[in-house]
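Enquirer: Here it is: the structure, laid out below.
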Amino acid sequence: MLLEPLMMSDKEDEDESTSVLVQTRAKTKRPPLYKVLLLNDDYTPMEFVVHVLERFFSMTHAQAFEIMLTVHKKGVAVVGVFSHEIAETKVGQVMDFARRHQHPLQCTMEKED
Ligand code: TYC
């Protein structure tokens with residue numbers, strides 16, 4: 001019995017009538033994440049910073065106190081990692097709250113690598 005070859009050579013398929021189109025996998029890239037950073041200064045009261053961390057970053061009093069001390073000693077700490085939109089909202093909330101209470105507390109965001 002004569003068997004048909006399973007694959008055609010490019011020569012045999014010159015009119016491309018039986019060509020197979022190979023689908024490339026669509027890469028779904030995860031959106032980048034942003035670190036929200038709290039900066040130390042010499043004037044904002046420690047209790048105010050603890051309150052900010054409890055209020056806007058849902059930390060317990062103990063967690064908030066620990067992070068506040070880290071910022072106080074090291075100058076800066078990451079207080080959370082969020083999508084761009086959420087990070088922007090958090091930074092805005094903290095900056096607004098600090099300004100309304102006339103404290104120089106600074107909060108920024110930076111893209112995570
Ligand atoms: N360094 C401030 C003080 O001694 C306390 C402080 C902590 C301020 C953290 C800002 O992000 C900060 N009163």
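For the structure tokens, the naming scheme is as follows: chains receive sequential letters (A, B, ...) according to their order of presentation, residues are indexed from 1 within each chain, and ligands are indexed from 1 in presentation order.
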Could you give me the residues within 6 Å of ligand 1, counting only C-alpha atoms and all ligand atoms, as a short mmCIF file (atom, residue, chain, number, x, y, z; two decimals) with N, CA and C atoms, in the first residue's frame?
Expert:
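Everything below was put into selection.cif:
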data_model
loop_
_atom_site.label_atom_id
_atom_site.label_comp_id
_atom_site.auth_asym_id
_atom_site.auth_seq_id
_atom_site.Cartn_x
_atom_site.Cartn_y
_atom_site.Cartn_z
N LEU A 38 7.76 56.32 52.78
CA LEU A 38 7.58 57.39 53.76
C LEU A 38 8.96 57.89 54.14
N LEU A 39 9.12 59.22 54.17
CA LEU A 39 10.42 59.83 54.43
C LEU A 39 10.48 60.45 55.83
N ASN A 40 11.64 60.39 56.43
CA ASN A 40 11.82 60.98 57.75
C ASN A 40 11.97 62.50 57.65
N ASP A 41 11.64 63.19 58.71
CA ASP A 41 11.94 64.62 58.87
C ASP A 41 12.09 64.86 60.36
N ASP A 42 12.52 66.06 60.72
CA ASP A 42 12.81 66.35 62.14
C ASP A 42 11.61 66.88 62.91
N TYR A 43 10.48 67.14 62.25
CA TYR A 43 9.39 67.87 62.91
C TYR A 43 8.08 67.13 63.08
N THR A 44 7.75 66.23 62.14
CA THR A 44 6.47 65.52 62.26
C THR A 44 6.48 64.66 63.52
N PRO A 45 5.47 64.81 64.40
CA PRO A 45 5.44 64.00 65.63
C PRO A 45 5.32 62.50 65.31
N MET A 46 6.00 61.69 66.11
CA MET A 46 5.95 60.24 65.92
C MET A 46 4.52 59.70 65.95
N VAL A 49 2.72 60.11 62.65
CA VAL A 49 3.16 59.13 61.64
C VAL A 49 2.50 57.77 61.91
N MET A 68 7.25 53.23 61.71
CA MET A 68 7.59 54.63 62.02
C MET A 68 9.01 54.72 62.56
N VAL A 71 11.59 54.31 59.78
CA VAL A 71 11.75 55.56 59.01
C VAL A 71 12.57 56.56 59.82
N HIS A 72 12.25 56.67 61.11
CA HIS A 72 12.95 57.61 62.00
C HIS A 72 14.45 57.32 62.05
N LEU A 105 5.67 66.08 56.72
CA LEU A 105 5.80 64.66 56.32
C LEU A 105 5.73 64.50 54.80
#
Enquirer: Please provide the set of residues having any atom within 8 Å of Gly80 (chain A), restricted to only C-alpha atoms, with same-chain residues fewer than 6 positions apart removed, written as a list in words.
Expert: Lys35, Val36, Leu37 and Phe57 of chain A
Enquirer: Of the candidates A:Ser83, A:Lys27, A:Val20, A:Val52, which one gets nearest to His103 (chain A) if we count only C-alpha atoms?
Expert: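 Using only C-alpha atoms, the shortest distance to His103 (chain A) belongs to A:Val52.
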Enquirer: Run DSSP on the backbone and tell me which residues of chain A come out as alpha helix (DSSP H); list them as a ChimeraX atom specification.
Expert: /A:46-57,61-74,84-100
Enquirer: Taking only C-alpha atoms into account, name the residue in A:Leu69, A:Leu33, A:Ala77, A:Cys107 that is nearest to Val50 (chain A).
Expert: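 Nearest to Val50 (chain A): A:Leu69.
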Enquirer: For CA of Arg55 (chain A) and CA of Val76 (chain A), determine how far apart the two atoms are, in Å to one decimal place.
Expert: 18.8 Å
Enquirer: Give the strand (DSSP E) residues of region 28-112 of chain A, as DSSP finds them on the backbone, and put them as a PyMOL selection string.
Expert: chain A and resi 34-39+76-82+106-111
Enquirer: For the selection you just gave me, I'd like the residues written to a file as a CSV table (one decimal), in the first residue's frame, keeping all heavy atoms.
Expert:
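And here is the file that came out, part33.csv:
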chain,number,residue,atom,x,y,z
A,34,TYR,N,4.1,49.6,42.3
A,34,TYR,CA,4.8,50.8,42.8
A,34,TYR,C,4.9,50.7,44.4
A,34,TYR,O,4.0,50.4,45.1
A,34,TYR,CB,4.0,52.1,42.4
A,34,TYR,CG,4.1,52.3,40.9
A,34,TYR,CD1,3.4,51.6,40.0
A,34,TYR,CD2,5.1,53.2,40.4
A,34,TYR,CE1,3.5,51.7,38.7
A,34,TYR,CE2,5.2,53.4,39.0
A,34,TYR,CZ,4.4,52.6,38.2
A,34,TYR,OH,4.6,52.8,36.8
A,35,LYS,N,6.2,51.0,44.8
A,35,LYS,CA,6.4,51.1,46.3
A,35,LYS,C,6.0,52.5,46.8
A,35,LYS,O,6.3,53.5,46.1
A,35,LYS,CB,7.9,50.9,46.6
A,35,LYS,CG,8.4,49.5,46.1
A,35,LYS,CD,9.9,49.4,46.4
A,35,LYS,CE,10.8,50.1,45.5
A,35,LYS,NZ,12.2,49.8,45.5
A,36,VAL,N,5.3,52.5,47.9
A,36,VAL,CA,5.0,53.8,48.5
A,36,VAL,C,6.0,54.0,49.7
A,36,VAL,O,6.1,53.1,50.5
A,36,VAL,CB,3.5,53.9,49.0
A,36,VAL,CG1,3.3,55.1,49.8
A,36,VAL,CG2,2.6,53.8,47.8
A,37,LEU,N,6.7,55.1,49.6
A,37,LEU,CA,7.8,55.4,50.6
A,37,LEU,C,7.4,56.5,51.5
A,37,LEU,O,6.8,57.5,51.1
A,37,LEU,CB,9.1,55.7,49.8
A,37,LEU,CG,9.5,54.8,48.7
A,37,LEU,CD1,10.6,55.5,47.9
A,37,LEU,CD2,10.0,53.5,49.3
A,38,LEU,N,7.8,56.3,52.8
A,38,LEU,CA,7.6,57.4,53.8
A,38,LEU,C,9.0,57.9,54.1
A,38,LEU,O,9.9,57.1,54.4
A,38,LEU,CB,6.8,56.8,55.0
A,38,LEU,CG,6.1,57.8,55.8
A,38,LEU,CD1,5.0,58.5,55.0
A,38,LEU,CD2,5.4,57.1,57.0
A,39,LEU,N,9.1,59.2,54.2
A,39,LEU,CA,10.4,59.8,54.4
A,39,LEU,C,10.5,60.4,55.8
A,39,LEU,O,9.5,61.0,56.3
A,39,LEU,CB,10.7,60.9,53.4
A,39,LEU,CG,11.3,60.5,52.0
A,39,LEU,CD1,10.3,59.5,51.3
A,39,LEU,CD2,11.5,61.7,51.1
A,76,VAL,N,14.0,56.4,55.6
A,76,VAL,CA,13.0,56.0,54.6
A,76,VAL,C,12.6,54.6,54.8
A,76,VAL,O,13.4,53.7,55.3
A,76,VAL,CB,13.4,56.3,53.2
A,76,VAL,CG1,14.6,55.4,52.8
A,76,VAL,CG2,12.3,56.1,52.2
A,77,ALA,N,11.3,54.2,54.5
A,77,ALA,CA,10.9,52.8,54.5
A,77,ALA,C,9.7,52.7,53.5
A,77,ALA,O,9.0,53.6,53.2
A,77,ALA,CB,10.4,52.4,55.9
A,78,VAL,N,9.6,51.5,52.9
A,78,VAL,CA,8.5,51.1,52.1
A,78,VAL,C,7.3,50.8,53.0
A,78,VAL,O,7.5,50.0,53.9
A,78,VAL,CB,8.8,49.9,51.2
A,78,VAL,CG1,7.6,49.5,50.4
A,78,VAL,CG2,10.0,50.2,50.3
A,79,VAL,N,6.2,51.5,52.8
A,79,VAL,CA,5.0,51.2,53.6
A,79,VAL,C,4.0,50.4,52.9
A,79,VAL,O,3.0,50.0,53.5
A,79,VAL,CB,4.5,52.5,54.2
A,79,VAL,CG1,5.5,53.2,55.1
A,79,VAL,CG2,4.0,53.5,53.1
A,80,GLY,N,4.2,50.1,51.6
A,80,GLY,CA,3.2,49.3,50.9
A,80,GLY,C,3.6,49.2,49.4
A,80,GLY,O,4.4,50.1,49.0
A,81,VAL,N,3.1,48.2,48.7
A,81,VAL,CA,3.3,48.1,47.3
A,81,VAL,C,1.9,47.9,46.6
A,81,VAL,O,1.1,47.1,47.0
A,81,VAL,CB,4.2,46.8,47.0
A,81,VAL,CG1,4.3,46.6,45.5
A,81,VAL,CG2,5.5,47.0,47.7
A,82,PHE,N,1.7,48.8,45.6
A,82,PHE,CA,0.3,48.8,45.0
A,82,PHE,C,0.4,49.0,43.5
A,82,PHE,O,1.5,49.3,43.0
A,82,PHE,CB,-0.4,50.0,45.6
A,82,PHE,CG,-0.5,50.1,47.1
A,82,PHE,CD1,0.5,50.8,47.8
A,82,PHE,CD2,-1.4,49.3,47.8
A,82,PHE,CE1,0.5,50.9,49.2
A,82,PHE,CE2,-1.4,49.4,49.2
A,82,PHE,CZ,-0.5,50.1,49.9
A,106,GLN,N,6.7,63.7,54.3
A,106,GLN,CA,6.7,63.5,52.8
A,106,GLN,C,6.5,62.0,52.5
A,106,GLN,O,7.0,61.1,53.2
A,106,GLN,CB,8.1,63.9,52.3
A,106,GLN,CG,8.4,65.4,52.3
A,106,GLN,CD,7.5,66.2,51.4
A,106,GLN,OE1,7.4,65.9,50.2
A,106,GLN,NE2,6.8,67.2,52.0
A,107,CYS,N,5.7,61.8,51.5
A,107,CYS,CA,5.3,60.4,51.0
A,107,CYS,C,5.5,60.4,49.5
A,107,CYS,O,5.0,61.3,48.8
A,107,CYS,CB,3.9,60.1,51.4
A,107,CYS,SG,3.4,58.4,51.1
A,108,THR,N,6.2,59.4,49.0
A,108,THR,CA,6.4,59.4,47.5
A,108,THR,C,6.2,57.9,47.0
A,108,THR,O,6.0,57.0,47.8
A,108,THR,CB,7.9,59.8,47.1
A,108,THR,OG1,8.8,58.9,47.8
A,108,THR,CG2,8.2,61.2,47.5
A,109,MET,N,6.2,57.8,45.7
A,109,MET,CA,6.1,56.4,45.1
A,109,MET,C,7.2,56.2,44.1
A,109,MET,O,7.7,57.2,43.5
A,109,MET,CB,4.7,56.2,44.5
A,109,MET,CG,4.4,57.1,43.4
A,109,MET,SD,2.7,57.1,42.9
A,109,MET,CE,2.7,55.8,41.7
A,110,GLU,N,7.6,54.9,43.9
A,110,GLU,CA,8.6,54.6,43.0
A,110,GLU,C,8.3,53.2,42.4
A,110,GLU,O,7.9,52.3,43.1
A,110,GLU,CB,10.0,54.7,43.7
A,110,GLU,CG,10.9,53.6,43.7
A,110,GLU,CD,12.2,53.9,44.5
A,110,GLU,OE1,12.5,55.0,44.8
A,110,GLU,OE2,12.8,52.9,44.9
A,111,LYS,N,8.6,53.1,41.1
A,111,LYS,CA,8.3,51.8,40.4
A,111,LYS,C,9.2,50.7,40.9
A,111,LYS,O,10.4,50.9,41.2
A,111,LYS,CB,8.6,52.0,38.9
A,111,LYS,CG,7.9,50.9,38.0
A,111,LYS,CD,8.0,51.3,36.6
A,111,LYS,CE,7.6,50.2,35.7
A,111,LYS,NZ,7.8,50.5,34.3
Enquirer: If you measure from CA of Arg99 (chain A) to CA of His51 (chain A), what distance in Å do you get, rounded to one decimal?
Expert: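 Pair CA of Arg99 (chain A) / CA of His51 (chain A) returns 14.5 Å.
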Enquirer: Which distance in Å separates CA of Leu53 (chain A) and CA of Thr89 (chain A), to one decimal?
Expert: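 Distance between the two atoms: 14.2 Å.
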